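Below: the structure, in structure tokens.
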Amino acid sequence: MDQMNLPKISVPKPSGESDMVNDKSGLTTAFKWAFIGCGQAGSRLVDSFHQLGFNRVCCINTTDQDMDGLKMPKDNQYVMNLGVRGAGKNPDLGKSAIKEHYEDVYDLMKRSWKSGWERVLVCAGLGGGTGTGTIETVLAIANEIAESYKAQKHGEPPVVGALVTLPSDSESQKVHANAHAALKQLVSMTTGGKRLISPLIIIDNQRMYELYSSQASTGYLGVTNQSVTQLFLTFNVLATGSSDIWTFDEADFKTVLESGIVTFGMCNIPKYEDPTSISFSVRDNIRNTMLVKTDIGNATTAALVFIGSNGVLSKIPQKNFEHAFDMIKRMISRNNTVHRGVYRNADNELTCFAMLGGLDVSGDRLAELARLAGTK
Ligand SMILES: Nc1nc2c(ncn2[C@@H]2O[C@H](COP(=O)(O)OP(=O)(O)OP(=O)(O)O)[C@@H](O)[C@H]2O)c(=O)[nH]1
Ligand SMILES: [Mg+2]
């Protein structure tokens, strides 16, 4: 048979689109996370996660103005057009936007995350219009998608959590009123028979202002976003490592993540050679470096992880660490667990990472928000 002379056709290449999004290679975390940011603060927080190597990320807003400067792919950013630019601190506008764009946001999340993730974090700044007005519906969508991907199994603790900010004291009464109402609603979603969210991580911008405003030349909020997301990543990484002393493992981390309201912080421990110096330093610092002011006595679970070089660790008798673990155990509510970890790294100093879970913010911080909102 004669050979046929077909024209040279450029064959379309397979799209190469896989059904998975992978985090940056080299990023090994205890859980595979997917993130969505709502409003400006939420989008910036998720962008910080993205810059650390997390790739299952997306964000929504009511104006493209707020998206300037984000590094995540444009395809992962969605503007819910309201006909006006932004929700102007009115959560009702955020609510209408998500109602109208429900399917688009659903598609955005599925498209940006694809499959293979295990837990979700929905990020928003409480107090504005977009983040505050959309977060509840976005959490519900995340939950629905998690169920459809079998990441959320029936009767199991929630895999969808929220990371939210509270306003600094100098913000307006309206912003405080919005944040107060939204926080109350989110707190109620962490408890009860059908708990919908965990963890609920609260960043108090007032506290962050006190911690970072003097050292941040570019504004304390940027530094806050970086340090919170780095700390979150650090806990994820610590929970994948093993230690010849004490290991903080994935199951320990999971227990804290499933405990409801969660906060975390870190501090350096300058003195560690006396039997009580570590516990003293931890006790002194822990209250001041947590993301939100909270009563440790209410925590139902805690993780305390120390890390330092071989040289540093060789100077510390094990009982000095035990003192610190026992102290935290006495400080949190009765009969509860303190997950322990001691790891080696190259740093010639001792650092402590602490995560508290099962907290109750209904006292101090909610009352303070209500006062600033003028409702009390
Ligand atoms: N930690 C942190 N908080 C922020 C940041 N930007 C804003 N906030 C806080 O988040 C709250 C809500 O602000 P935005 O996120 O700008 O509001 P929005 O959700 O975009 O809502 P509208 O602008 O009203 O449509 C503010 O009151 C601040 O307290 C940020 O980058 N980091
Ligand atoms: Mg905005």
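Quick note on naming: the chains in the structure tokens go A, B, ... in the order shown, residues restart at 1 in each chain, and ligands are numbered from 1 in order of appearance.
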Extract, using only C-alpha atoms, all DNA, RNA and protein residues at most 10 Å from region 59-63 of chain A, discarding same-chain residues fewer than 6 positions from it, and format them as an mmCIF file with C-alpha atoms, in the first residue's frame.
data_model
loop_
_atom_site.group_PDB
_atom_site.id
_atom_site.type_symbol
_atom_site.label_atom_id
_atom_site.label_comp_id
_atom_site.auth_asym_id
_atom_site.auth_seq_id
_atom_site.Cartn_x
_atom_site.Cartn_y
_atom_site.Cartn_z
ATOM 1 C CA PHE A 35 -6.736 27.269 52.362
ATOM 2 C CA ILE A 36 -9.222 29.935 51.359
ATOM 3 C CA GLY A 37 -8.981 33.589 52.345
ATOM 4 C CA CYS A 38 -12.095 35.788 52.582
ATOM 5 C CA GLY A 39 -11.695 39.567 52.294
ATOM 6 C CA GLN A 40 -8.421 41.438 52.465
ATOM 7 C CA GLY A 42 -7.981 36.519 54.847
ATOM 8 C CA SER A 43 -6.432 36.787 51.386
ATOM 9 C CA ARG A 44 -3.194 38.193 52.773
ATOM 10 C CA LEU A 45 -2.946 35.436 55.371
ATOM 11 C CA VAL A 46 -3.483 32.776 52.706
ATOM 12 C CA ASP A 47 -0.931 34.502 50.483
ATOM 13 C CA LEU A 70 -0.970 38.922 46.167
ATOM 14 C CA MET A 72 -0.896 33.428 44.449
ATOM 15 C CA LYS A 74 -4.667 35.020 39.451
ATOM 16 C CA ASP A 75 -6.778 31.958 38.620
ATOM 17 C CA ASN A 76 -7.002 31.251 42.330
ATOM 18 C CA GLN A 77 -8.376 34.732 43.121
ATOM 19 C CA TYR A 78 -12.057 35.478 42.656
ATOM 20 C CA VAL A 79 -13.865 38.805 42.789
ATOM 21 C CA MET A 80 -17.565 38.595 43.684
ATOM 22 C CA ASN A 81 -18.760 41.606 41.776
ATOM 23 C CA LEU A 82 -21.263 43.656 43.773
ATOM 24 C CA GLY A 83 -21.285 46.664 41.502
ATOM 25 C CA VAL A 84 -19.405 48.586 44.203
ATOM 26 C CA ARG A 85 -15.773 48.252 45.248
ATOM 27 C CA GLY A 86 -15.695 46.386 48.554
ATOM 28 C CA ALA A 87 -18.311 45.748 51.197
ATOM 29 C CA GLY A 88 -17.434 48.933 53.132
ATOM 30 C CA LEU A 93 -23.043 43.090 51.689
ATOM 31 C CA GLY A 94 -20.542 40.241 52.156
ATOM 32 C CA ALA A 97 -22.139 38.609 47.637
ATOM 33 C CA ILE A 98 -21.539 35.018 48.679
ATOM 34 C CA VAL A 105 -16.887 30.168 45.009
ATOM 35 C CA LEU A 108 -13.019 28.130 42.811
ATOM 36 C CA MET A 109 -12.344 26.031 45.901
ATOM 37 C CA SER A 112 -7.762 25.469 43.367
ATOM 38 C CA VAL A 122 -10.655 29.332 56.132
ATOM 39 C CA CYS A 123 -8.999 32.687 56.908
ATOM 40 C CA ALA A 124 -10.670 36.071 57.464
ATOM 41 C CA GLY A 129 -17.685 43.485 55.484
ATOM 42 C CA THR A 130 -16.371 40.851 53.103
ATOM 43 C CA GLY A 131 -14.474 38.447 55.372
ATOM 44 C CA THR A 134 -18.744 35.443 53.942
ATOM 45 C CA VAL A 138 -17.448 29.535 53.085
#
With the cut-off set at 12 Å and counting only C-alpha atoms, tabulate each residue of region 163-185 of chain A with an atom at most that distance from an atom of region 255-262 of chain A, showing the nearest atom pair and its distance in Å to one decimal, ordered by chain and increasing number, as a tab-separated table.
residue	atom	partner	partner_atom	distance
A:Leu163	CA	A:Val262	CA	9.5
A:Val164	CA	A:Ile261	CA	11.0
A:Leu183	CA	A:Ile261	CA	11.1
A:Lys184	CA	A:Ile261	CA	12.0
Just to be explicit: take each residue in the selection above, keep C-alpha atoms, and write the result as a PDB file, in the first residue's frame.
ATOM      1  CA  LEU A 163      -8.111  31.341  61.295  1.00  0.00           C
ATOM      2  CA  VAL A 164      -9.517  34.751  62.143  1.00  0.00           C
ATOM      3  CA  LEU A 183     -16.737  35.685  66.841  1.00  0.00           C
ATOM      4  CA  LYS A 184     -19.722  34.650  68.966  1.00  0.00           C
TER       5      LYS A 184
END
Practice prompt. Between CA of Asp23 (chain A) and CA of Trp113 (chain A), measure the distance and give it in Å to one decimal.
Written response: 10.5 Å
Worksheet item: A:Gln65, A:Ala142, A:Pro275, A:Lys95: which is nearest Asp107 (chain A), counting only C-alpha atoms?
Response: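 Nearest candidate to Asp107 (chain A) out of A:Gln65, A:Ala142, A:Pro275, A:Lys95: A:Ala142.
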Worksheet item: Rounded to one decimal in Å, what is the spacing between CA of Gly222 (chain A) and CA of Lys114 (chain A)?
Response: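 Atom-to-atom, CA of Gly222 (chain A) and CA of Lys114 (chain A) are spaced 28.6 Å apart.
Residue nearest Asp347 (chain A), chosen from A:Asn268, A:Ser333, A:Ile328, A:Gly363 and counting only C-alpha atoms: A:Asn268.
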Worksheet entry | Which of region 136-202 of chain A fall in alpha helix (DSSP H), as a ChimeraX atom specification | /A:136-148,173-188
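Rounded to one decimal, CA of Arg340 (chain A) and CA of Gly297 (chain A) lie 18.1 Å from each other.
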Worksheet entry | Near-Ala140 (chain A) list (10 Å; only C-alpha atoms; drop same-chain fewer than 5 positions) as number ranges by chain | A: 135, 145-146, 160, 196-197
Store the residues picked out above in a file with N, CA and C atoms, as a tab-separated table (two decimals), in the first residue's frame.
chain	number	residue	atom	x	y	z
A	135	ILE	N	-17.59	34.39	55.82
A	135	ILE	CA	-16.87	33.25	56.41
A	135	ILE	C	-17.78	32.07	56.76
A	145	ILE	N	-17.54	20.23	50.60
A	145	ILE	CA	-16.52	19.69	49.69
A	145	ILE	C	-15.72	18.62	50.43
A	146	ALA	N	-15.40	18.87	51.71
A	146	ALA	CA	-14.63	17.89	52.49
A	146	ALA	C	-15.42	16.57	52.60
A	160	VAL	N	-12.49	20.93	59.03
A	160	VAL	CA	-12.51	22.31	58.55
A	160	VAL	C	-12.34	23.25	59.75
A	196	LEU	N	-19.04	22.03	63.95
A	196	LEU	CA	-18.77	22.20	62.53
A	196	LEU	C	-17.33	22.55	62.24
A	197	ILE	N	-16.69	23.28	63.18
A	197	ILE	CA	-15.32	23.71	62.89
A	197	ILE	C	-14.35	23.42	64.03
Worksheet item: Closest to Ala302 (chain A) among A:Met189, A:Val175, A:Ala354, A:Ile286, using only C-alpha atoms?
Response: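 Checking each of A:Met189, A:Val175, A:Ala354, A:Ile286 against Ala302 (chain A), counting only C-alpha atoms, the winner is A:Ala354.
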Practice prompt. Write out as number ranges by chain which residues come within 9 Å of Phe264 (chain A) when counting only C-alpha atoms, dropping same-chain ones fewer than 4 positions away.
Written response: A: 201, 228, 231-232, 286, 289-292, 353-357
Worksheet entry | Ile245 (chain A) surroundings by only C-alpha atoms, 8 Å radius, close-in-sequence under 5 positions cut, as a PyMOL selection string | chain A and resi 341-343
